[in-house]
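Shown next: model-v6.txt, containing compact mmCIF, C-alpha atoms.
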# COMPACT_ATOMS: atom_id res chain seq x y z
CA MET P 230 124.01 145.98 127.17
CA LYS P 231 123.90 146.50 130.92
CA TRP P 232 127.62 147.31 130.99
CA THR P 233 127.56 149.74 128.07
CA PRO P 234 127.19 152.93 130.18
CA PHE P 235 130.10 151.89 132.42
CA LEU P 236 132.29 151.10 129.42
CA LEU P 237 131.53 154.50 127.92
CA ILE P 238 132.69 156.38 131.02
CA LEU P 239 135.67 154.09 131.61
CA PRO P 240 138.15 156.32 129.66
CA ALA P 241 137.14 159.37 131.71
CA VAL P 242 137.43 157.42 134.98
CA ALA P 243 140.85 156.10 133.94
CA TYR P 244 142.03 159.60 133.03
CA ILE P 245 140.91 161.07 136.37
CA THR P 246 142.41 158.17 138.29
CA VAL P 247 145.82 158.38 136.60
CA PHE P 248 146.19 162.15 136.48
CA SER P 249 144.28 163.20 139.63
CA PHE P 250 143.85 160.47 142.23
CA PHE P 251 147.29 158.88 142.03
CA PRO P 252 149.22 162.19 142.15
CA ALA P 253 147.05 163.38 145.06
CA ILE P 254 147.59 160.17 147.03
CA ASP P 255 151.31 160.28 146.26
CA ALA P 256 151.51 163.92 147.43
CA VAL P 257 149.81 163.07 150.73
CA TYR P 258 152.16 160.12 151.22
CA LEU P 259 155.28 162.19 150.51
CA SER P 260 154.12 164.95 152.87
CA PHE P 261 154.55 162.56 155.79
CA LEU P 262 158.06 161.47 154.79
CA ASP P 263 161.00 162.84 156.71
CA PRO P 264 163.78 164.20 154.45
CA HIS P 265 166.13 161.71 156.11
CA GLY P 266 163.75 158.77 155.70
CA GLY P 267 160.78 157.41 157.62
CA PHE P 268 157.39 158.82 158.49
CA SER P 269 157.06 161.91 160.67
CA LEU P 270 155.10 165.12 161.16
CA LYS P 271 158.20 167.27 160.70
CA ASN P 272 156.91 168.96 157.55
CA TYR P 273 153.64 169.91 159.25
CA GLN P 274 155.42 171.14 162.36
CA GLU P 275 157.74 173.36 160.33
CA LEU P 276 154.75 174.94 158.56
CA GLY P 277 154.14 176.89 161.76
CA TYR P 278 157.16 179.04 160.90
CA PHE P 279 155.51 180.05 157.60
CA ASN P 280 152.24 181.41 159.06
CA VAL P 281 150.17 178.45 157.93
CA GLY P 282 147.50 179.40 160.49
CA GLY P 283 147.06 182.81 158.89
CA ALA P 284 146.93 181.23 155.44
CA ILE P 285 144.21 178.82 156.59
CA LEU P 286 142.16 181.63 158.13
CA ASP P 287 142.50 183.81 155.03
CA THR P 288 141.53 180.91 152.76
CA ILE P 289 138.41 180.18 154.80
CA LEU P 290 137.51 183.88 154.86
CA VAL P 291 137.86 184.24 151.09
CA THR P 292 135.92 181.03 150.43
CA VAL P 293 133.02 181.86 152.77
CA GLY P 294 132.89 185.51 151.74
CA ALA P 295 133.05 184.85 148.01
CA LEU P 296 130.43 182.09 148.21
CA ALA P 297 128.09 184.34 150.18
CA ILE P 298 128.43 187.14 147.62
CA GLN P 299 128.02 184.78 144.68
CA LEU P 300 125.00 183.02 146.15
CA ALA P 301 123.26 186.33 146.89
CA LEU P 302 123.98 187.76 143.44
CA GLY P 303 123.23 184.41 141.81
CA PHE P 304 119.79 184.29 143.42
CA LEU P 305 119.12 187.86 142.29
CA VAL P 306 120.23 187.28 138.69
CA ALA P 307 118.46 183.92 138.42
CA SER P 308 115.23 185.40 139.82
CA VAL P 309 115.33 188.21 137.25
CA ILE P 310 116.11 185.93 134.30
CA SER P 311 113.38 183.46 135.31
CA ARG P 312 110.77 186.15 134.58
CA GLU P 313 109.60 187.41 131.23
CA PHE P 314 110.46 191.03 130.42
CA PHE P 315 111.60 193.18 127.53
CA GLY P 316 115.34 192.80 126.93
CA LYS P 317 115.61 189.50 128.77
CA ARG P 318 117.86 187.94 126.13
CA ALA P 319 120.27 190.89 126.14
CA PHE P 320 120.36 190.91 129.95
CA SER P 321 121.06 187.17 130.00
CA ILE P 322 123.96 187.54 127.56
CA ILE P 323 125.46 190.42 129.54
CA THR P 324 125.36 188.46 132.81
CA ILE P 325 127.14 185.48 131.21
CA ILE P 326 129.97 187.50 129.62
CA PRO P 327 132.28 187.37 132.70
CA MET P 328 132.46 183.57 132.37
CA GLY P 329 134.36 184.01 129.10
CA ILE P 330 136.94 186.39 130.53
CA ALA P 331 140.30 184.84 131.33
CA THR P 332 141.18 184.84 135.02
CA VAL P 333 144.40 186.77 134.41
CA VAL P 334 142.52 189.42 132.43
CA ALA P 335 139.91 189.76 135.18
CA ALA P 336 142.64 190.09 137.81
CA VAL P 337 144.49 192.80 135.88
CA THR P 338 141.21 194.64 135.24
CA PHE P 339 140.32 194.69 138.94
CA SER P 340 143.84 195.78 139.81
CA PHE P 341 143.14 198.90 137.70
CA ILE P 342 139.76 199.38 139.39
CA PHE P 343 141.16 199.22 142.93
CA GLN P 344 144.41 201.09 142.39
CA THR P 345 145.19 203.24 145.41
CA SER P 346 145.97 206.25 143.22
CA GLY P 347 143.92 206.85 140.09
CA GLY P 348 141.84 203.69 140.34
CA TYR P 349 138.27 203.75 139.06
CA ALA P 350 136.82 202.92 142.48
CA ASN P 351 138.68 205.75 144.17
CA SER P 352 137.80 208.13 141.34
CA VAL P 353 134.11 207.49 141.97
CA LEU P 354 134.49 207.78 145.76
CA HIS P 355 136.47 210.98 145.40
CA SER P 356 133.91 212.57 143.10
CA LEU P 357 130.99 211.59 145.38
CA PHE P 358 132.42 211.81 148.90
CA ASN P 359 135.84 213.42 148.42
CA VAL P 360 137.63 210.42 149.96
CA ASN P 361 140.31 207.98 148.81
CA VAL P 362 140.63 204.43 150.09
CA ASN P 363 143.78 202.34 150.29
CA TRP P 364 142.21 199.01 149.35
CA TYR P 365 145.37 197.10 150.28
CA GLN P 366 146.00 198.74 153.64
CA SER P 367 144.68 195.84 155.71
CA PRO P 368 144.44 192.07 155.13
CA VAL P 369 140.63 192.18 155.30
CA SER P 370 140.27 194.88 152.64
CA SER P 371 142.83 193.11 150.45
CA LEU P 372 140.88 189.86 150.68
CA LEU P 373 137.67 191.80 149.96
CA VAL P 374 139.16 192.92 146.64
CA VAL P 375 139.87 189.27 145.81
CA MET P 376 136.30 188.27 146.76
CA LEU P 377 134.77 190.98 144.57
CA ALA P 378 136.95 190.15 141.58
CA ASP P 379 136.25 186.44 141.91
CA SER P 380 132.52 187.02 142.40
CA TRP P 381 132.27 189.17 139.27
CA LYS P 382 133.81 186.41 137.18
CA ASN P 383 132.08 183.37 138.66
CA THR P 384 128.61 184.52 139.74
CA PRO P 385 127.21 183.59 136.28
CA ILE P 386 127.97 179.91 136.98
CA ILE P 387 125.88 179.94 140.14
CA SER P 388 123.19 181.97 138.39
CA LEU P 389 122.82 179.32 135.67
CA ILE P 390 122.63 176.49 138.20
CA LEU P 391 120.01 178.30 140.29
CA LEU P 392 118.10 179.29 137.16
CA ALA P 393 117.84 175.62 136.25
CA GLY P 394 116.48 174.95 139.73
CA LEU P 395 113.96 177.81 139.58
CA SER P 396 112.76 176.61 136.18
CA SER P 397 112.04 173.16 137.62
CA ILE P 398 109.72 174.45 140.37
CA PRO P 399 106.03 174.15 139.34
CA LYS P 400 104.37 177.57 139.14
CA GLU P 401 101.24 176.08 140.69
CA LEU P 402 103.02 175.91 144.05
CA TYR P 403 103.47 179.67 144.07
CA TYR P 404 99.89 180.29 142.92
CA SER P 405 98.48 178.03 145.64
CA ALA P 406 100.67 179.62 148.32
CA ALA P 407 99.66 183.12 147.20
CA ILE P 408 95.98 182.17 147.38
CA ASP P 409 96.52 180.86 150.92
CA GLY P 410 97.97 184.24 151.88
CA ALA P 411 101.69 183.46 151.83
CA GLY P 412 103.77 186.53 151.06
CA PRO P 413 106.98 186.67 148.98
CA ILE P 414 109.24 185.95 151.95
CA ARG P 415 107.24 182.92 153.11
CA ARG P 416 107.05 181.61 149.55
CA PHE P 417 110.81 181.98 149.23
CA ILE P 418 111.47 180.19 152.54
CA HIS P 419 108.92 177.38 152.21
CA ILE P 420 108.87 176.80 148.44
CA THR P 421 111.94 178.20 146.70
CA LEU P 422 114.66 177.20 149.17
CA PRO P 423 113.50 173.59 149.75
CA ASN P 424 113.17 172.97 146.02
CA LEU P 425 116.57 174.54 145.32
CA ARG P 426 118.34 172.59 148.04
CA SER P 427 120.10 170.14 145.73
CA PHE P 428 120.90 172.86 143.19
CA ILE P 429 122.45 175.00 145.93
CA GLY P 430 124.51 171.99 146.98
CA VAL P 431 125.82 171.51 143.44
CA ALA P 432 126.66 175.21 143.16
CA LEU P 433 128.43 175.24 146.53
CA ILE P 434 130.52 172.18 145.70
CA ILE P 435 131.53 173.44 142.25
CA ARG P 436 132.39 176.93 143.40
CA GLY P 437 133.59 175.99 146.89
CA VAL P 438 136.27 173.65 145.58
CA GLN P 439 137.40 176.33 143.15
CA GLU P 440 137.41 178.96 145.89
CA PHE P 441 139.68 176.87 148.09
CA ASN P 442 141.96 176.43 145.07
CA ILE P 443 141.87 180.10 144.02
CA PHE P 444 145.36 181.12 142.92
CA ALA P 445 145.79 183.42 139.91
CA LEU P 446 143.47 186.17 141.18
CA PRO P 447 145.09 186.65 144.60
CA LEU P 448 148.58 186.19 143.21
CA ILE P 449 148.07 189.09 140.78
CA LEU P 450 145.94 191.31 143.01
CA ILE P 451 147.63 190.96 146.41
CA GLY P 452 150.64 188.71 145.88
CA ASP P 453 151.30 186.61 148.97
CA HIS P 454 150.32 189.23 151.56
CA PRO P 455 148.03 188.20 153.12
CA PRO P 456 148.80 184.58 152.21
CA LEU P 457 146.33 181.94 151.11
CA LEU P 458 147.02 178.22 151.21
CA THR P 459 147.49 178.12 147.43
CA THR P 460 149.97 181.00 147.37
CA LEU P 461 151.72 179.49 150.40
CA VAL P 462 152.10 176.17 148.56
CA TYR P 463 153.46 178.02 145.53
CA ASN P 464 155.98 180.00 147.57
CA LEU P 465 157.13 176.97 149.52
CA TYR P 466 157.57 174.96 146.34
CA THR P 467 159.52 177.65 144.51
CA THR P 468 161.70 178.65 147.47
CA THR P 469 162.49 175.21 148.92
CA PHE P 470 162.86 173.19 145.70
CA PRO P 471 163.95 170.41 145.40
CA GLU P 472 162.92 169.85 149.05
CA VAL P 473 159.15 170.05 148.51
CA GLY P 474 157.97 168.38 151.70
CA LEU P 475 156.66 171.64 153.18
CA ALA P 476 154.75 172.47 150.01
CA LEU P 477 153.22 168.98 149.94
CA ALA P 478 152.22 169.30 153.59
CA ALA P 479 150.48 172.61 152.93
CA ALA P 480 148.79 171.11 149.87
CA THR P 481 147.60 168.16 151.95
CA ILE P 482 146.05 170.55 154.49
CA LEU P 483 144.27 172.30 151.62
CA LEU P 484 143.01 168.95 150.33
CA GLY P 485 141.72 168.10 153.79
CA PHE P 486 139.71 171.32 153.98
CA ILE P 487 138.24 170.67 150.54
CA LEU P 488 137.14 167.14 151.49
CA VAL P 489 135.60 168.33 154.76
CA PHE P 490 133.81 171.14 152.95
CA MET P 491 132.40 168.78 150.31
CA GLY P 492 131.25 166.33 152.94
CA ALA P 493 129.52 169.07 154.93
CA VAL P 494 127.73 170.44 151.86
CA ILE P 495 126.59 166.97 150.78
CA LYS P 496 125.33 166.28 154.30
CA LEU P 497 123.49 169.61 154.67
CA THR P 498 121.90 169.50 151.20
CA GLY P 499 120.67 165.96 151.51
CA GLY P 500 123.18 164.33 149.18
Rewrite the structure from the file as structure tokens, please.
Amino acid sequence: MKWTPFLLILPAVAYITVFSFFPAIDAVYLSFLDPHGGFSLKNYQELGYFNVGGAILDTILVTVGALAIQLALGFLVASVISREFFGKRAFSIITIIPMGIATVVAAVTFSFIFQTSGGYANSVLHSLFNVNVNWYQSPVSSLLVVMLADSWKNTPIISLILLAGLSSIPKELYYSAAIDGAGPIRRFIHITLPNLRSFIGVALIIRGVQEFNIFALPLILIGDHPPLLTTLVYNLYTTTFPEVGLALAAATILLGFILVFMGAVIKLTGG
């Protein structure tokens, strides 16, 4: 009886091990192999010719920026839904709808919104301020478009996680703090944030890993300029096949950032 829970999850563990762990370990191993045999750092050294530094910086910028936007909006949406008001059910359904939209559909939709000529965003700006913006003129603005598109689609996930955390906080804590004279900001800092610490950690890990691996959205919206690590891996694999050592090296760097990020989040959120 004691082993029953472990036996029940054994098929899932076996599936993840065979189709995730082994391929990942094999990819890391192959990334250190020289095309002519033996171990070397040749693949990693040659990545410097493909602007891997810029791809790393852009990936970190997109991940941090998108997570910041999603956490802020997630807190806002979760705080609203946690209260009772007329139309709460309709509002909740509307905020969850983006989760059901395919990534490709969301990317194409936002490409229409941020079109340089005739896009919805520029139409609004032109009607209000008589200006037009080239959203893809600079790497930063291009990455901002990716962040906004990704945040629209994935903020509901963070909202649901934070809503679960808010629902678990006893209301008596807020009542007692209010009686003692604590204002909304102090209640948020000393009650809400500490009690949401583990929920924030879960949200950051789930979304952070996906942000580092973001691929379809940037590929459709901005192509490979500016490059991200995922689009760099894709381009290296498709242009250097069957010599995939460079792509594997870039993928290993991406895996390293993901592991470091997960470890930092687990450490900061108390496990």
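Of the listed residues (P:Val369, P:Val309, P:Ala295, P:Leu475), P:Val309 comes nearest to Ser396 (chain P); the distances count all atoms listed in the file.
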Take every atom of region 411-420 of chain P listed in the file, pad by 3 Å on each side, and give me the axis-aligned box centre and edge lengths in Å, one decimal, as AutoDock Vina command-line options.
--center_x 106.6 --center_y 181.7 --center_z 150.8 --size_x 15.8 --size_y 15.9 --size_z 10.7
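Between CA of Lys317 (chain P) and CA of Val353 (chain P) there is a distance of 29.0 Å.
Atom to atom, CA of Val257 (chain P) and CA of Leu433 (chain P) stand 25.0 Å apart.
Look at Phe320 (chain P): the protein and nucleic acid residues within 10 Å of it, using all atoms listed in the file and passing over chain neighbours fewer than 4 places away, are Val306, Val309, Ile310, Phe314, Phe315, Gly316, Thr324 and Ile325 of chain P.
Reported to one decimal place, the separation of CA of Ala319 (chain P) from CA of Ile420 (chain P) is 28.7 Å.
Closest to Leu392 (chain P) among P:Tyr365, P:Phe304, P:Phe358, P:Phe339 is P:Phe304, based on all atoms listed in the file.
Counting only C-alpha atoms and comparing P:Thr481, P:Thr384, P:Thr468, P:Thr459, the residue that lies closest to Gln299 (chain P) is P:Thr384.
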Checklist entry - So, counting all atoms listed in the file, which residue among P:Ile451, P:Leu402, P:Ala478, P:Val494 is closest to Leu270 (chain P)? => result P:Ala478
Checklist entry - With distances taken over all atoms listed in the file, which of P:Leu458, P:Val333, P:Ile443, P:Leu465 is nearest to Ile482 (chain P)? => result P:Leu458
Find the residues of region 419-498 of chain P that sit at most 8 Å from region 279-294 of chain P; for each, write down the nearest two atoms and how far apart they are in Å, to one decimal. Count only C-alpha atoms. Sort by chain, then by number going up, and give it as a Markdown table.
| residue | atom | partner | partner_atom | distance |
| --- | --- | --- | --- | --- |
| P:Gly437 | CA | P:Thr292 | CA | 6.6 |
| P:Glu440 | CA | P:Thr292 | CA | 5.2 |
| P:Phe441 | CA | P:Thr292 | CA | 6.1 |
| P:Pro455 | CA | P:Asp287 | CA | 7.3 |
| P:Pro456 | CA | P:Ala284 | CA | 5.0 |
| P:Leu457 | CA | P:Ala284 | CA | 4.4 |
| P:Leu458 | CA | P:Ala284 | CA | 5.2 |
| P:Leu461 | CA | P:Ala284 | CA | 7.2 |
| P:Ala479 | CA | P:Val281 | CA | 7.7 |
Saved selection, atoms kept: C-alpha atoms, as an mmCIF file, keeping the file's coordinate frame:
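Everything below was put into again_5.cif:
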data_model
loop_
_atom_site.group_PDB
_atom_site.id
_atom_site.type_symbol
_atom_site.label_atom_id
_atom_site.label_comp_id
_atom_site.auth_asym_id
_atom_site.auth_seq_id
_atom_site.Cartn_x
_atom_site.Cartn_y
_atom_site.Cartn_z
ATOM 1 C CA GLY P 437 133.590 175.990 146.890
ATOM 2 C CA GLU P 440 137.410 178.960 145.890
ATOM 3 C CA PHE P 441 139.680 176.870 148.090
ATOM 4 C CA PRO P 455 148.030 188.200 153.120
ATOM 5 C CA PRO P 456 148.800 184.580 152.210
ATOM 6 C CA LEU P 457 146.330 181.940 151.110
ATOM 7 C CA LEU P 458 147.020 178.220 151.210
ATOM 8 C CA LEU P 461 151.720 179.490 150.400
ATOM 9 C CA ALA P 479 150.480 172.610 152.930
#
Next on the checklist: Excluding Ser340 (chain P) and its own-chain neighbours fewer than 3 positions away, which residues fall within 10 Å of it when counting all atoms listed in the file? Please give them as a list in words.
Outcome noted: Val334, Ala335, Ala336, Val337, Phe343, Gln344, Thr345, Gly348, Tyr349, Val374, Val375, Ala378, Leu446, Ile449, Leu450 and Ile451 of chain P
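Of the residues under consideration (P:Gly474, P:Pro413, P:Ile429, P:Leu483), P:Gly474 shows the shortest atom-to-atom contact distance to Gln274 (chain P) when counting only C-alpha atoms.
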